[in-house]
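Asker: Have a look at this one.
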Amino acid sequence: MIEESAEVVRVDKMTLWVSVNRKSACASCSASQGCGQKKILDWLPTKQVEVEVGNPRQLIVSPGQQVTLGLHEGALVRASLLLYMLPLAGLIIFALFANILQFSELFQIIIAILGLITGFVVTRVIVVRELAFGDFEPQLLRVH
């Protein structure tokens, strides 16, 4: 399970809202000293993201407290595959199909773009369904 610390902003009966710093991978990169992207990111302000988290165990939490959130690794890998691979697969499959049917190059490009868009739409449908089941939601693990 991937864990992250957050600060409680608001509390409701069964849910709470926490504030999390959105971080870049540059902080842990070994080439961060000479990287131009790291220097650009240093100029940008850190982004605070508010996330709604369920509190099914009804732990006693008050605003300002630090909590630990968890997300299953499988959910993160599945979300990454859906977000990056499915639209790319749609683009490649539609482009190959247009090539097999020997369409002109312009139509192959248009059909490939339609495949990319179809991949994004299918990704959206799957993600909405997964969100309804709560597969991508962080869990409240501990209160500090």
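Order determines the names: the first chain of the structure tokens is A, the second B, and so forth; residues in each chain are numbered 1 upward, and ligands are numbered 1 upward as they are shown.
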Write out as a VMD selection string all residues of chain A that DSSP puts in alpha helix (DSSP H) for this structure's backbone.

Answerer: chain A and resid 36 to 43 73 to 80 86 to 100 105 to 133

Asker: Could you name the residues that touch A:Val9 at 9 Å or less, counting only C-alpha atoms, but leaving out those on the same chain fewer than 3 positions away, as a PyMOL selection string?

Answerer: chain A and resi 16-19+50+62-65

Asker: Go ahead and write the selection's residues with N, CA, C and O atoms as a CSV table (one decimal), in the first residue's frame.

Answerer:
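Dumped everything to result-v2.csv:
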```
chain,number,residue,atom,x,y,z
A,16,LEU,N,-14.1,13.1,5.6
A,16,LEU,CA,-13.3,14.2,6.0
A,16,LEU,C,-12.5,14.7,4.7
A,16,LEU,O,-12.3,13.9,3.8
A,17,TRP,N,-12.2,15.9,4.7
A,17,TRP,CA,-11.4,16.5,3.6
A,17,TRP,C,-10.0,16.8,4.1
A,17,TRP,O,-9.8,17.4,5.2
A,18,VAL,N,-9.1,16.3,3.3
A,18,VAL,CA,-7.7,16.5,3.7
A,18,VAL,C,-6.9,17.3,2.6
A,18,VAL,O,-7.3,17.3,1.5
A,19,SER,N,-5.9,18.0,3.0
A,19,SER,CA,-5.1,18.8,2.1
A,19,SER,C,-3.7,18.1,1.9
A,19,SER,O,-3.1,17.7,2.9
A,50,GLU,N,-7.2,19.3,-2.3
A,50,GLU,CA,-8.1,18.8,-1.2
A,50,GLU,C,-8.7,17.5,-1.7
A,50,GLU,O,-9.2,17.5,-2.9
A,62,SER,N,-10.0,15.9,14.1
A,62,SER,CA,-10.3,17.3,14.1
A,62,SER,C,-9.5,18.0,13.1
A,62,SER,O,-8.4,17.6,12.7
A,63,PRO,N,-10.0,19.2,12.6
A,63,PRO,CA,-9.2,19.9,11.6
A,63,PRO,C,-7.8,20.3,12.1
A,63,PRO,O,-7.7,20.7,13.3
A,64,GLY,N,-6.8,20.2,11.3
A,64,GLY,CA,-5.5,20.5,11.7
A,64,GLY,C,-4.6,19.3,12.0
A,64,GLY,O,-3.4,19.4,12.1
A,65,GLN,N,-5.3,18.2,12.3
A,65,GLN,CA,-4.5,17.0,12.6
A,65,GLN,C,-3.9,16.4,11.3
A,65,GLN,O,-4.4,16.5,10.2
```

Asker: May I have the residues within 12 Å of A:Leu86 as a list in words, using only C-alpha atoms and disregarding those fewer than 6 positions away in the same chain?

Answerer: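 In the requested form, the answer reads Arg78, Ala79, Ser80, Ile92, Ile93, Gly115, Leu116, Ile117, Thr118, Gly119, Phe120, Val121, Val122, Thr123, Arg124, Val125, Ile126 and Val127 of chain A.
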
Asker: Could those residues be written to a file, using N, CA and C atoms, as a PDB file, in the first residue's frame?

Answerer:
```pdb
ATOM      1  N   ARG A  78      -3.306   0.062 -12.260  1.00  0.00           N
ATOM      2  CA  ARG A  78      -4.465  -0.067 -13.147  1.00  0.00           C
ATOM      3  C   ARG A  78      -4.860   1.305 -13.716  1.00  0.00           C
ATOM      4  N   ALA A  79      -4.854   2.323 -12.878  1.00  0.00           N
ATOM      5  CA  ALA A  79      -5.200   3.671 -13.341  1.00  0.00           C
ATOM      6  C   ALA A  79      -4.181   4.165 -14.365  1.00  0.00           C
ATOM      7  N   SER A  80      -2.899   3.894 -14.128  1.00  0.00           N
ATOM      8  CA  SER A  80      -1.857   4.316 -15.071  1.00  0.00           C
ATOM      9  C   SER A  80      -2.004   3.608 -16.410  1.00  0.00           C
ATOM     10  N   ILE A  92      -3.097   3.008 -32.163  1.00  0.00           N
ATOM     11  CA  ILE A  92      -2.319   2.051 -32.960  1.00  0.00           C
ATOM     12  C   ILE A  92      -3.225   1.064 -33.685  1.00  0.00           C
ATOM     13  N   ILE A  93      -4.239   0.540 -32.985  1.00  0.00           N
ATOM     14  CA  ILE A  93      -5.128  -0.455 -33.599  1.00  0.00           C
ATOM     15  C   ILE A  93      -5.927   0.161 -34.747  1.00  0.00           C
ATOM     16  N   GLY A 115      -9.240   6.756 -33.258  1.00  0.00           N
ATOM     17  CA  GLY A 115      -8.891   5.678 -32.340  1.00  0.00           C
ATOM     18  C   GLY A 115      -8.383   6.203 -31.007  1.00  0.00           C
ATOM     19  N   LEU A 116      -7.590   7.266 -31.059  1.00  0.00           N
ATOM     20  CA  LEU A 116      -7.104   7.895 -29.834  1.00  0.00           C
ATOM     21  C   LEU A 116      -8.275   8.447 -29.020  1.00  0.00           C
ATOM     22  N   ILE A 117      -9.181   9.153 -29.690  1.00  0.00           N
ATOM     23  CA  ILE A 117     -10.350   9.705 -29.003  1.00  0.00           C
ATOM     24  C   ILE A 117     -11.223   8.583 -28.435  1.00  0.00           C
ATOM     25  N   THR A 118     -11.398   7.514 -29.194  1.00  0.00           N
ATOM     26  CA  THR A 118     -12.160   6.365 -28.704  1.00  0.00           C
ATOM     27  C   THR A 118     -11.502   5.768 -27.467  1.00  0.00           C
ATOM     28  N   GLY A 119     -10.183   5.699 -27.457  1.00  0.00           N
ATOM     29  CA  GLY A 119      -9.469   5.207 -26.282  1.00  0.00           C
ATOM     30  C   GLY A 119      -9.705   6.078 -25.066  1.00  0.00           C
ATOM     31  N   PHE A 120      -9.725   7.409 -25.257  1.00  0.00           N
ATOM     32  CA  PHE A 120     -10.009   8.318 -24.147  1.00  0.00           C
ATOM     33  C   PHE A 120     -11.440   8.146 -23.640  1.00  0.00           C
ATOM     34  N   VAL A 121     -12.394   7.982 -24.556  1.00  0.00           N
ATOM     35  CA  VAL A 121     -13.794   7.810 -24.157  1.00  0.00           C
ATOM     36  C   VAL A 121     -13.972   6.499 -23.385  1.00  0.00           C
ATOM     37  N   VAL A 122     -13.376   5.426 -23.876  1.00  0.00           N
ATOM     38  CA  VAL A 122     -13.474   4.134 -23.178  1.00  0.00           C
ATOM     39  C   VAL A 122     -12.804   4.225 -21.811  1.00  0.00           C
ATOM     40  N   THR A 123     -11.672   4.924 -21.743  1.00  0.00           N
ATOM     41  CA  THR A 123     -11.000   5.124 -20.456  1.00  0.00           C
ATOM     42  C   THR A 123     -11.905   5.867 -19.495  1.00  0.00           C
ATOM     43  N   ARG A 124     -12.556   6.899 -19.976  1.00  0.00           N
ATOM     44  CA  ARG A 124     -13.469   7.677 -19.127  1.00  0.00           C
ATOM     45  C   ARG A 124     -14.602   6.810 -18.593  1.00  0.00           C
ATOM     46  N   VAL A 125     -15.194   5.987 -19.448  1.00  0.00           N
ATOM     47  CA  VAL A 125     -16.298   5.115 -19.024  1.00  0.00           C
ATOM     48  C   VAL A 125     -15.820   4.126 -17.962  1.00  0.00           C
ATOM     49  N   ILE A 126     -14.667   3.523 -18.173  1.00  0.00           N
ATOM     50  CA  ILE A 126     -14.138   2.547 -17.212  1.00  0.00           C
ATOM     51  C   ILE A 126     -13.798   3.223 -15.895  1.00  0.00           C
ATOM     52  N   VAL A 127     -13.179   4.397 -15.941  1.00  0.00           N
ATOM     53  CA  VAL A 127     -12.786   5.090 -14.711  1.00  0.00           C
ATOM     54  C   VAL A 127     -14.018   5.517 -13.911  1.00  0.00           C
TER      55      VAL A 127
END
```

Asker: Could you check how far atom CA of A:His144 sits from atom CA of A:Glu4, in Å to one decimal?

Answerer: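 Pair atom CA of A:His144 / atom CA of A:Glu4 returns 12.3 Å.
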
Asker: Find the distance between atom CA of A:Met85 and atom CA of A:Leu69 and write it in Å to one decimal.

Answerer: 26.9 Å

Asker: Quick one: everything within 9 Å of A:Leu140, counting only C-alpha atoms, minus sequence neighbours fewer than 6 positions away in the same chain. Send it as a ChimeraX atom specification.

Answerer: /A:53-57,59,67-70

Asker: Could you save the residues just selected, with C-alpha atoms, as an mmCIF file, in the first residue's frame?

Answerer:
```
data_model
loop_
_atom_site.group_PDB
_atom_site.id
_atom_site.type_symbol
_atom_site.label_atom_id
_atom_site.label_comp_id
_atom_site.auth_asym_id
_atom_site.auth_seq_id
_atom_site.Cartn_x
_atom_site.Cartn_y
_atom_site.Cartn_z
ATOM 1 C CA VAL A 53 -11.697 10.585 2.240
ATOM 2 C CA GLY A 54 -14.185 8.227 3.835
ATOM 3 C CA ASN A 55 -14.032 7.523 7.558
ATOM 4 C CA PRO A 56 -15.894 4.200 7.864
ATOM 5 C CA ARG A 57 -14.266 3.327 11.214
ATOM 6 C CA LEU A 59 -11.995 7.663 13.904
ATOM 7 C CA VAL A 67 -3.444 11.642 9.076
ATOM 8 C CA THR A 68 -1.976 8.889 6.923
ATOM 9 C CA LEU A 69 -3.818 7.909 3.751
ATOM 10 C CA GLY A 70 -3.281 4.722 1.787
#
```

Asker: Would you mind writing down, as a ChimeraX atom specification, each residue of chain A that DSSP on the backbone assigns to strand (DSSP E)?

Answerer: /A:2-11,15-22,47-54,66-71,139-143
